[in-house]
Amino acid sequence: QKADFSGDSTAATINHSLTLLQRLQELLQNGNGSDSVLRVRSAASDEPKVFHTHQLLLSLQSEVFESLLRNQSVVTLYEPPETAALFEKFIRYLYCGGVSILLHQAIPMHQLASKYQVWGLQRGVAEYMRTHLASESSQGHVVGWYHYAVRVGDAALQESCLQFLAWNLSAVLGSAEWGSVSVELLLLLLERSDLVLHSELELYTAVEGWLSRRQPEAPVAERVLRAIRYPMIAPSQLFRLQAQSAVLARHRAALQDLLFQAFQFHAASPLHFAKYFDVNCSMFLPRNYLAPSWGSQWVITNPARDDRSTSFQTQLGPSSHDAGKRVTWNVLFSPRWLPVSLRPVYSDSVAGAIQPVRIEDGRPRLVITPAMSSPDFAGVTFQKTVLVGVRQQGRVLVKHAYSFHQSSDEAADFLVHADLQKRTSEYLIDNSLHLHIIIKPVYHSLIKVKK
């Protein structure tokens with residue numbers, strides 16, 4: 001490969017790094033010139049695994065090994081079965097700087113990297129975990145990775161796992177890993193308004209199943225149940241839960257005030273209810289519900305081609321008093337909208353009258369406007385959320401969520417990093433853009449509640 005060194009066109013790079021890596025692997029495999037021995041013992045086996053190694057190579061990668069091998073050439077290491085099974089892969093990384101792992105191997109490999117202070121490998125495994133949250137596994141892995149991230153204090157991995165769980169909660173609720181969710185994680189999820197699921201009833205049903213399996217102490221169960229947003233459940237469904245739910249019957253006394261408030265919310269006019277209750281709290285704020293009354297799915301084929309538009313209707317508000325009222329929404333999608341700063345302008349220069357503009361200078365734009373006037377929405381404002389679905393590891397999952405309020409008709413950063421011109425774009429599924437638009441009506445207190 002030719003390169004420019006001080007203007008000398010005859011300079012070239014001679015690269016035999018692959019040959020060097022191969023010889024380093026042979027050093028480990030054959031033990032040639034070995035000056036140190038690692039004996040790895042595990043409760044899973046009576047016989048230790050023996051590795052004939054080279055102190056220099058281990059010390060270059062790990063200060064822990066440098067210290068261990070400073071005054072001795074034979075070291076016995078004690079490892080749990082999970083990490084002992086990966087120790088050969090781990091040592092090979094120290095020689096070659098590369099390793100391949102599977103989903104179930106991520107945590108033990110991260111443990112090895114942390115224990116022996118191989119920071120490059122630790123960062124690499126953490127990045128692997130953040131980028132493989134969507135990968136499909138038989139028992140699930142995101143919940144386990146979240147709990148592990150909490151134990152080791154990896155805040156970035158915690159947040160990545162939590163965001164993935166929130167935006168793809170319906171998939172998690174029906175999986176084997178739902179039962180392994182800790183109380184702390186469950187409460188963190190329940191307090192979020194960006195959970196994506198079909199309805200609040202779906203969430204209650206999943207929580208009821210979790211409580212039935214885990215059987216926590218009464219105070220814990222009641223804290224979990226009080227995080228359900230009962231006003232977001234229709235009265236007919238609330239009546240059915242009161243009659244049929246064993247969990248609700250067991251904790252009825254602790255939930256009676258919330259259930260009574262929910263029935264009041266559905267029975268009264270929202271304007272009247274807002275005079276006496278503070279509706280500016282999470283209990284009356286919808287989550288990202290996928291049910292038809294809250295929004296609509298929109299699949300845009302060939303989204304880079306031209307502008308598109310659609311319309312749909314939602315219920316005015318979550319109260320049963322507004323069940324028969326509908327709001328029509330108009331949506332415009334433009335794949336190559338140009339900001340004002342990039343639009344063509346006339347110039348007095350001789351070179352040309354119009355500045356050249358490239359198609360790629362434009363960015364996608366999504367505008368959502370009501371077909372009705374604002375006086376029709378007395379006491380109600382709307383938060384708009386646009387979910388973008390992508391195919392990852394063979395599954396369609398939520399990749400991004402853009403939220404903006406009634407005061408704005410569009411999200412400023414909508415798909416700002418997406419390249420819809422490329423058919424291989426990660427934002428496209430079979431050359432189509434998969435959106436789900438959600439309208440979240442929010443009631444506002446008109447009169448300050450007296451305490």
# chains A, B, ... in the order shown; residues from 1 in each chain; ligands from 1

call {"tool": "residues_around", "arguments": {"residues": "A:Glu202", "least_positions_apart": "2", "cutoff": "12 Å", "atoms": "only C-alpha atoms", "output": "list in words"}}
result
Leu169, Ser170, Ala171, Val172, Leu173, Gly174, Leu195, Val196, Leu197, His198, Ser199, Glu200, Tyr204, Thr205, Ala206, Val207, Glu208, Gly209, Ile228, Arg229, Tyr230, Met232, Ile233, Gln237, Arg287, Tyr289, Leu290 and Ala291 of chain A

call {"tool": "residues_around", "arguments": {"residues": "stretch 428-443 of chain A", "least_positions_apart": "6", "cutoff": "8 Å", "atoms": "only C-alpha atoms", "output": "ChimeraX atom specification"}}
result
/A:270,274,279-280,284-290,294-303,314,316-318,379-391,420

call {"tool": "select_by_dssp", "arguments": {"residues": "stretch 110-344 of chain A", "states": "strand (DSSP E)", "output": "ChimeraX atom specification"}}
result
/A:196-197,288-289,295-301,308-315,326-337

call {"tool": "closest_residue", "arguments": {"among": "A:Ser182, A:Val143, A:Gln25, A:Ala412", "to": "A:Ala166", "atoms": "only C-alpha atoms"}}
result
A:Val143

call {"tool": "select_by_dssp", "arguments": {"residues": "stretch 101-343 of chain A", "states": "alpha helix (DSSP H)", "output": "compact mmCIF listing (two decimals) with N, CA and C atoms, in the first residue's frame"}}
result
# COMPACT_ATOMS: atom_id res chain seq x y z
N ALA A 106 -21.05 -12.81 27.32
CA ALA A 106 -20.69 -11.41 27.51
C ALA A 106 -20.37 -11.08 28.97
N ILE A 107 -21.23 -11.49 29.89
CA ILE A 107 -21.01 -11.16 31.30
C ILE A 107 -19.75 -11.82 31.85
N PRO A 108 -19.55 -13.14 31.68
CA PRO A 108 -18.31 -13.72 32.20
C PRO A 108 -17.05 -13.15 31.56
N MET A 109 -17.09 -12.79 30.28
CA MET A 109 -15.92 -12.18 29.65
C MET A 109 -15.67 -10.79 30.22
N HIS A 110 -16.73 -10.05 30.47
CA HIS A 110 -16.59 -8.72 31.09
C HIS A 110 -16.03 -8.86 32.50
N GLN A 111 -16.46 -9.91 33.21
CA GLN A 111 -15.94 -10.15 34.56
C GLN A 111 -14.44 -10.44 34.54
N LEU A 112 -14.00 -11.24 33.58
CA LEU A 112 -12.57 -11.53 33.46
C LEU A 112 -11.78 -10.27 33.14
N ALA A 113 -12.30 -9.49 32.18
CA ALA A 113 -11.60 -8.26 31.80
C ALA A 113 -11.51 -7.30 32.97
N SER A 114 -12.56 -7.24 33.79
CA SER A 114 -12.56 -6.33 34.94
C SER A 114 -11.62 -6.84 36.04
N LYS A 115 -11.67 -8.13 36.31
CA LYS A 115 -10.87 -8.70 37.39
C LYS A 115 -9.38 -8.53 37.13
N TRP A 119 -8.46 -3.27 30.30
CA TRP A 119 -9.49 -2.24 30.10
C TRP A 119 -9.99 -2.19 28.66
N GLY A 120 -9.14 -2.44 27.69
CA GLY A 120 -9.60 -2.44 26.30
C GLY A 120 -10.65 -3.50 26.06
N LEU A 121 -10.44 -4.69 26.60
CA LEU A 121 -11.42 -5.77 26.45
C LEU A 121 -12.69 -5.44 27.22
N GLN A 122 -12.56 -4.85 28.39
CA GLN A 122 -13.74 -4.48 29.18
C GLN A 122 -14.62 -3.50 28.40
N ARG A 123 -13.99 -2.49 27.81
CA ARG A 123 -14.77 -1.52 27.02
C ARG A 123 -15.38 -2.17 25.78
N GLY A 124 -14.63 -3.07 25.17
CA GLY A 124 -15.14 -3.75 23.97
C GLY A 124 -16.35 -4.62 24.27
N VAL A 125 -16.31 -5.35 25.38
CA VAL A 125 -17.45 -6.20 25.74
C VAL A 125 -18.66 -5.35 26.10
N ALA A 126 -18.44 -4.25 26.83
CA ALA A 126 -19.55 -3.35 27.18
C ALA A 126 -20.19 -2.78 25.92
N GLU A 127 -19.39 -2.41 24.93
CA GLU A 127 -19.93 -1.90 23.68
C GLU A 127 -20.69 -3.00 22.93
N TYR A 128 -20.16 -4.23 22.95
CA TYR A 128 -20.86 -5.37 22.35
C TYR A 128 -22.24 -5.53 22.98
N MET A 129 -22.33 -5.39 24.29
CA MET A 129 -23.61 -5.54 24.98
C MET A 129 -24.58 -4.43 24.59
N ARG A 130 -24.08 -3.20 24.50
CA ARG A 130 -24.95 -2.09 24.13
C ARG A 130 -25.48 -2.22 22.72
N THR A 131 -24.70 -2.82 21.82
CA THR A 131 -25.12 -2.93 20.42
C THR A 131 -25.83 -4.24 20.10
N VAL A 142 -31.43 -9.03 28.10
CA VAL A 142 -31.34 -7.61 28.43
C VAL A 142 -31.55 -7.37 29.92
N VAL A 143 -32.51 -8.05 30.52
CA VAL A 143 -32.76 -7.89 31.96
C VAL A 143 -31.53 -8.30 32.76
N GLY A 144 -30.93 -9.45 32.40
CA GLY A 144 -29.72 -9.89 33.10
C GLY A 144 -28.56 -8.93 32.92
N TRP A 145 -28.42 -8.37 31.71
CA TRP A 145 -27.36 -7.40 31.48
C TRP A 145 -27.59 -6.13 32.29
N TYR A 146 -28.86 -5.72 32.42
CA TYR A 146 -29.15 -4.53 33.22
C TYR A 146 -28.74 -4.76 34.68
N HIS A 147 -29.13 -5.89 35.23
CA HIS A 147 -28.79 -6.17 36.63
C HIS A 147 -27.27 -6.25 36.82
N TYR A 148 -26.58 -6.80 35.83
CA TYR A 148 -25.12 -6.87 35.91
C TYR A 148 -24.52 -5.47 35.85
N ALA A 149 -25.05 -4.62 34.96
CA ALA A 149 -24.55 -3.25 34.84
C ALA A 149 -24.72 -2.48 36.15
N VAL A 150 -25.81 -2.75 36.86
CA VAL A 150 -26.02 -2.11 38.17
C VAL A 150 -24.95 -2.57 39.15
N ARG A 151 -24.65 -3.87 39.15
CA ARG A 151 -23.67 -4.41 40.10
C ARG A 151 -22.28 -3.83 39.87
N VAL A 152 -21.90 -3.65 38.61
CA VAL A 152 -20.54 -3.17 38.31
C VAL A 152 -20.48 -1.66 38.14
N ALA A 155 -22.95 2.88 34.17
CA ALA A 155 -24.13 3.71 33.99
C ALA A 155 -24.59 3.74 32.54
N ALA A 156 -23.66 3.74 31.59
CA ALA A 156 -24.03 3.80 30.17
C ALA A 156 -24.78 2.53 29.76
N LEU A 157 -24.31 1.37 30.21
CA LEU A 157 -24.99 0.12 29.88
C LEU A 157 -26.34 0.05 30.58
N GLN A 158 -26.41 0.52 31.82
CA GLN A 158 -27.70 0.57 32.53
C GLN A 158 -28.73 1.34 31.72
N GLU A 159 -28.35 2.55 31.29
CA GLU A 159 -29.28 3.41 30.57
C GLU A 159 -29.67 2.80 29.23
N SER A 160 -28.72 2.17 28.53
CA SER A 160 -29.03 1.54 27.25
C SER A 160 -30.04 0.41 27.43
N CYS A 161 -29.83 -0.42 28.45
CA CYS A 161 -30.75 -1.53 28.72
C CYS A 161 -32.13 -1.01 29.12
N LEU A 162 -32.14 0.02 29.97
CA LEU A 162 -33.41 0.57 30.45
C LEU A 162 -34.21 1.17 29.30
N GLN A 163 -33.51 1.89 28.41
CA GLN A 163 -34.19 2.49 27.26
C GLN A 163 -34.74 1.42 26.32
N PHE A 164 -33.95 0.37 26.08
CA PHE A 164 -34.41 -0.71 25.21
C PHE A 164 -35.65 -1.38 25.82
N LEU A 165 -35.62 -1.66 27.10
CA LEU A 165 -36.76 -2.30 27.77
C LEU A 165 -38.00 -1.42 27.69
N ALA A 166 -37.82 -0.11 27.88
CA ALA A 166 -38.97 0.81 27.86
C ALA A 166 -39.60 0.86 26.47
N TRP A 167 -38.78 0.95 25.43
CA TRP A 167 -39.32 1.11 24.08
C TRP A 167 -39.79 -0.19 23.47
N LEU A 169 -41.24 -2.85 25.48
CA LEU A 169 -41.72 -3.55 26.67
C LEU A 169 -42.68 -4.69 26.33
N SER A 170 -43.52 -4.52 25.32
CA SER A 170 -44.47 -5.59 24.99
C SER A 170 -43.75 -6.89 24.67
N ALA A 171 -42.60 -6.79 23.96
CA ALA A 171 -41.83 -7.99 23.62
C ALA A 171 -41.26 -8.63 24.88
N VAL A 172 -40.90 -7.82 25.86
CA VAL A 172 -40.32 -8.34 27.11
C VAL A 172 -41.40 -8.96 27.99
N LEU A 173 -42.58 -8.34 28.01
CA LEU A 173 -43.65 -8.85 28.88
C LEU A 173 -44.01 -10.29 28.55
N VAL A 183 -37.32 -6.08 41.68
CA VAL A 183 -38.27 -5.08 42.16
C VAL A 183 -37.81 -3.68 41.76
N GLU A 184 -36.51 -3.42 41.92
CA GLU A 184 -35.97 -2.10 41.61
C GLU A 184 -36.15 -1.76 40.14
N LEU A 185 -35.88 -2.72 39.25
CA LEU A 185 -36.05 -2.48 37.82
C LEU A 185 -37.51 -2.30 37.48
N LEU A 186 -38.38 -3.11 38.05
CA LEU A 186 -39.81 -2.99 37.78
C LEU A 186 -40.33 -1.61 38.17
N LEU A 187 -39.93 -1.11 39.33
CA LEU A 187 -40.39 0.21 39.76
C LEU A 187 -39.84 1.31 38.86
N LEU A 188 -38.59 1.15 38.40
CA LEU A 188 -38.03 2.13 37.48
C LEU A 188 -38.83 2.18 36.17
N LEU A 189 -39.21 1.02 35.68
CA LEU A 189 -40.00 0.97 34.45
C LEU A 189 -41.39 1.56 34.65
N LEU A 190 -42.01 1.23 35.76
CA LEU A 190 -43.39 1.67 35.99
C LEU A 190 -43.51 3.18 36.16
N GLU A 200 -52.52 0.19 29.03
CA GLU A 200 -52.21 0.08 30.46
C GLU A 200 -52.72 -1.23 31.03
N LEU A 201 -53.79 -1.77 30.45
CA LEU A 201 -54.31 -3.05 30.90
C LEU A 201 -53.30 -4.16 30.63
N GLU A 202 -52.61 -4.10 29.50
CA GLU A 202 -51.57 -5.08 29.21
C GLU A 202 -50.48 -5.02 30.28
N LEU A 203 -50.12 -3.82 30.71
CA LEU A 203 -49.10 -3.66 31.74
C LEU A 203 -49.59 -4.21 33.07
N TYR A 204 -50.85 -3.92 33.43
CA TYR A 204 -51.38 -4.46 34.69
C TYR A 204 -51.37 -5.98 34.67
N THR A 205 -51.79 -6.59 33.56
CA THR A 205 -51.82 -8.05 33.48
C THR A 205 -50.43 -8.65 33.66
N ALA A 206 -49.41 -8.01 33.07
CA ALA A 206 -48.04 -8.49 33.22
C ALA A 206 -47.54 -8.33 34.65
N VAL A 207 -47.87 -7.21 35.27
CA VAL A 207 -47.48 -6.97 36.66
C VAL A 207 -48.17 -7.97 37.59
N GLU A 208 -49.43 -8.27 37.31
CA GLU A 208 -50.15 -9.25 38.11
C GLU A 208 -49.46 -10.61 38.02
N GLY A 209 -49.03 -11.00 36.82
CA GLY A 209 -48.31 -12.27 36.66
C GLY A 209 -46.99 -12.25 37.41
N TRP A 210 -46.28 -11.12 37.36
CA TRP A 210 -45.00 -10.99 38.06
C TRP A 210 -45.20 -11.14 39.57
N LEU A 211 -46.24 -10.50 40.10
CA LEU A 211 -46.52 -10.58 41.54
C LEU A 211 -46.91 -12.00 41.95
N SER A 212 -47.66 -12.68 41.10
CA SER A 212 -48.10 -14.05 41.42
C SER A 212 -46.91 -15.00 41.48
N ARG A 213 -45.90 -14.79 40.62
CA ARG A 213 -44.72 -15.66 40.61
C ARG A 213 -43.74 -15.30 41.73
N ARG A 214 -43.54 -14.03 41.95
CA ARG A 214 -42.50 -13.60 42.89
C ARG A 214 -42.97 -13.55 44.34
N ALA A 218 -46.07 -7.65 51.26
CA ALA A 218 -47.23 -6.79 50.96
C ALA A 218 -46.85 -5.35 50.66
N PRO A 219 -45.96 -4.71 51.43
CA PRO A 219 -45.60 -3.31 51.11
C PRO A 219 -44.99 -3.16 49.72
N VAL A 220 -44.18 -4.13 49.31
CA VAL A 220 -43.56 -4.08 47.98
C VAL A 220 -44.63 -4.25 46.90
N ALA A 221 -45.50 -5.24 47.09
CA ALA A 221 -46.57 -5.49 46.11
C ALA A 221 -47.46 -4.27 45.96
N GLU A 222 -47.77 -3.63 47.06
CA GLU A 222 -48.66 -2.46 47.01
C GLU A 222 -47.97 -1.26 46.36
N ARG A 223 -46.66 -1.13 46.58
CA ARG A 223 -45.93 -0.05 45.91
C ARG A 223 -45.92 -0.26 44.41
N VAL A 224 -45.77 -1.50 43.99
CA VAL A 224 -45.79 -1.82 42.55
C VAL A 224 -47.17 -1.55 41.97
N LEU A 225 -48.22 -2.02 42.65
CA LEU A 225 -49.58 -1.86 42.14
C LEU A 225 -50.00 -0.39 42.10
N PRO A 235 -63.45 2.07 32.32
CA PRO A 235 -64.25 1.61 33.47
C PRO A 235 -64.71 0.16 33.36
N SER A 236 -65.11 -0.27 32.17
CA SER A 236 -65.57 -1.66 32.01
C SER A 236 -64.45 -2.63 32.35
N GLN A 237 -63.21 -2.30 31.99
CA GLN A 237 -62.07 -3.16 32.30
C GLN A 237 -61.73 -3.09 33.79
N LEU A 238 -61.89 -1.91 34.41
CA LEU A 238 -61.66 -1.79 35.85
C LEU A 238 -62.66 -2.62 36.64
N PHE A 239 -63.92 -2.61 36.23
CA PHE A 239 -64.93 -3.42 36.91
C PHE A 239 -64.57 -4.91 36.80
N ARG A 240 -64.10 -5.32 35.62
CA ARG A 240 -63.75 -6.73 35.43
C ARG A 240 -62.56 -7.10 36.33
N LEU A 241 -61.58 -6.21 36.44
CA LEU A 241 -60.43 -6.48 37.30
C LEU A 241 -60.87 -6.62 38.76
N GLN A 242 -61.76 -5.75 39.19
CA GLN A 242 -62.23 -5.82 40.57
C GLN A 242 -62.95 -7.13 40.85
N ALA A 243 -63.61 -7.67 39.84
CA ALA A 243 -64.38 -8.90 40.03
C ALA A 243 -63.52 -10.15 39.87
N GLN A 244 -62.44 -10.07 39.06
CA GLN A 244 -61.73 -11.30 38.69
C GLN A 244 -60.27 -11.36 39.14
N ALA A 246 -57.33 -11.75 41.45
CA ALA A 246 -57.01 -12.19 42.81
C ALA A 246 -56.00 -11.25 43.47
N VAL A 247 -55.06 -10.75 42.67
CA VAL A 247 -54.06 -9.82 43.21
C VAL A 247 -54.72 -8.53 43.67
N LEU A 248 -55.64 -8.01 42.86
CA LEU A 248 -56.33 -6.78 43.22
C LEU A 248 -57.20 -6.98 44.45
N ALA A 249 -57.83 -8.14 44.55
CA ALA A 249 -58.66 -8.43 45.72
C ALA A 249 -57.81 -8.51 46.99
N ARG A 250 -56.61 -9.07 46.87
CA ARG A 250 -55.73 -9.23 48.02
C ARG A 250 -55.25 -7.89 48.57
N ARG A 252 -56.85 -4.84 47.91
CA ARG A 252 -57.90 -3.86 47.63
C ARG A 252 -57.82 -2.65 48.56
N ALA A 253 -57.59 -2.87 49.83
CA ALA A 253 -57.59 -1.76 50.80
C ALA A 253 -56.53 -0.72 50.46
N ALA A 254 -55.37 -1.20 50.00
CA ALA A 254 -54.27 -0.28 49.70
C ALA A 254 -54.47 0.46 48.39
N LEU A 255 -55.40 -0.04 47.54
CA LEU A 255 -55.60 0.56 46.22
C LEU A 255 -56.95 1.24 46.06
N GLN A 256 -57.77 1.18 47.12
CA GLN A 256 -59.14 1.67 47.01
C GLN A 256 -59.19 3.13 46.59
N ASP A 257 -58.29 3.97 47.12
CA ASP A 257 -58.32 5.40 46.78
C ASP A 257 -58.01 5.63 45.30
N LEU A 258 -57.06 4.87 44.76
CA LEU A 258 -56.71 5.04 43.36
C LEU A 258 -57.83 4.57 42.43
N LEU A 259 -58.45 3.45 42.78
CA LEU A 259 -59.54 2.94 41.96
C LEU A 259 -60.74 3.90 41.99
N PHE A 260 -61.05 4.41 43.18
CA PHE A 260 -62.16 5.36 43.31
C PHE A 260 -61.88 6.61 42.49
N GLN A 261 -60.64 7.10 42.56
CA GLN A 261 -60.26 8.28 41.79
C GLN A 261 -60.37 8.02 40.28
N ALA A 262 -59.99 6.80 39.86
CA ALA A 262 -60.07 6.45 38.44
C ALA A 262 -61.52 6.46 37.96
N PHE A 263 -62.44 5.91 38.77
CA PHE A 263 -63.86 5.92 38.38
C PHE A 263 -64.39 7.35 38.34
N GLN A 264 -63.98 8.19 39.28
CA GLN A 264 -64.38 9.59 39.26
C GLN A 264 -63.88 10.28 37.99
N PHE A 265 -62.65 9.97 37.62
CA PHE A 265 -62.04 10.57 36.44
C PHE A 265 -62.85 10.25 35.19
N HIS A 266 -63.34 9.02 35.09
CA HIS A 266 -64.10 8.62 33.91
C HIS A 266 -65.54 9.11 33.95
N ALA A 267 -66.08 9.35 35.15
CA ALA A 267 -67.49 9.73 35.27
C ALA A 267 -67.73 11.22 35.06
N PRO A 270 -63.95 16.27 32.23
CA PRO A 270 -62.55 16.59 32.56
C PRO A 270 -62.38 18.00 33.11
N LEU A 271 -63.14 18.95 32.57
CA LEU A 271 -63.04 20.32 33.06
C LEU A 271 -63.49 20.41 34.51
N HIS A 272 -64.54 19.68 34.84
CA HIS A 272 -65.03 19.68 36.22
C HIS A 272 -64.06 18.91 37.14
N PHE A 273 -63.58 17.78 36.68
CA PHE A 273 -62.64 16.97 37.48
C PHE A 273 -61.37 17.76 37.78
N ALA A 274 -60.91 18.54 36.79
CA ALA A 274 -59.66 19.28 36.96
C ALA A 274 -59.76 20.41 37.96
N LYS A 275 -61.00 20.79 38.35
CA LYS A 275 -61.17 21.83 39.37
C LYS A 275 -60.82 21.32 40.77
N TYR A 276 -60.90 20.01 40.98
CA TYR A 276 -60.76 19.46 42.32
C TYR A 276 -59.57 18.51 42.48

call {"tool": "closest_residue", "arguments": {"among": "A:Val40, A:Cys281, A:Ile14, A:Ala176", "to": "A:Pro80", "atoms": "only C-alpha atoms"}}
result
A:Val40

call {"tool": "closest_residue", "arguments": {"among": "A:Asp35, A:Cys96, A:Ser45, A:Trp329", "to": "A:Gln61", "atoms": "only C-alpha atoms"}}
result
A:Cys96

call {"tool": "atom_distance", "arguments": {"atom1": "atom CA of A:Ser34", "atom2": "atom CA of A:Val118"}}
result
21.0 Å

call {"tool": "closest_residue", "arguments": {"among": "A:Ser67, A:Pro81, A:Leu24, A:Leu397", "to": "A:Arg41", "atoms": "only C-alpha atoms"}}
result
A:Pro81

call {"tool": "residues_around", "arguments": {"residues": "A:Gln105", "least_positions_apart": "5", "cutoff": "10 Å", "atoms": "only C-alpha atoms", "output": "ChimeraX atom specification"}}
result
/A:82-83,85-86,100,110,125

call {"tool": "atom_distance", "arguments": {"atom1": "atom CA of A:Arg226", "atom2": "atom CA of A:Glu177"}}
result
22.9 Å

call {"tool": "residues_around", "arguments": {"residues": "A:Ser311", "least_positions_apart": "6", "cutoff": "8 Å", "atoms": "only C-alpha atoms", "output": "list in words"}}
result
Thr328, Trp329, Asn330 and Val331 of chain A
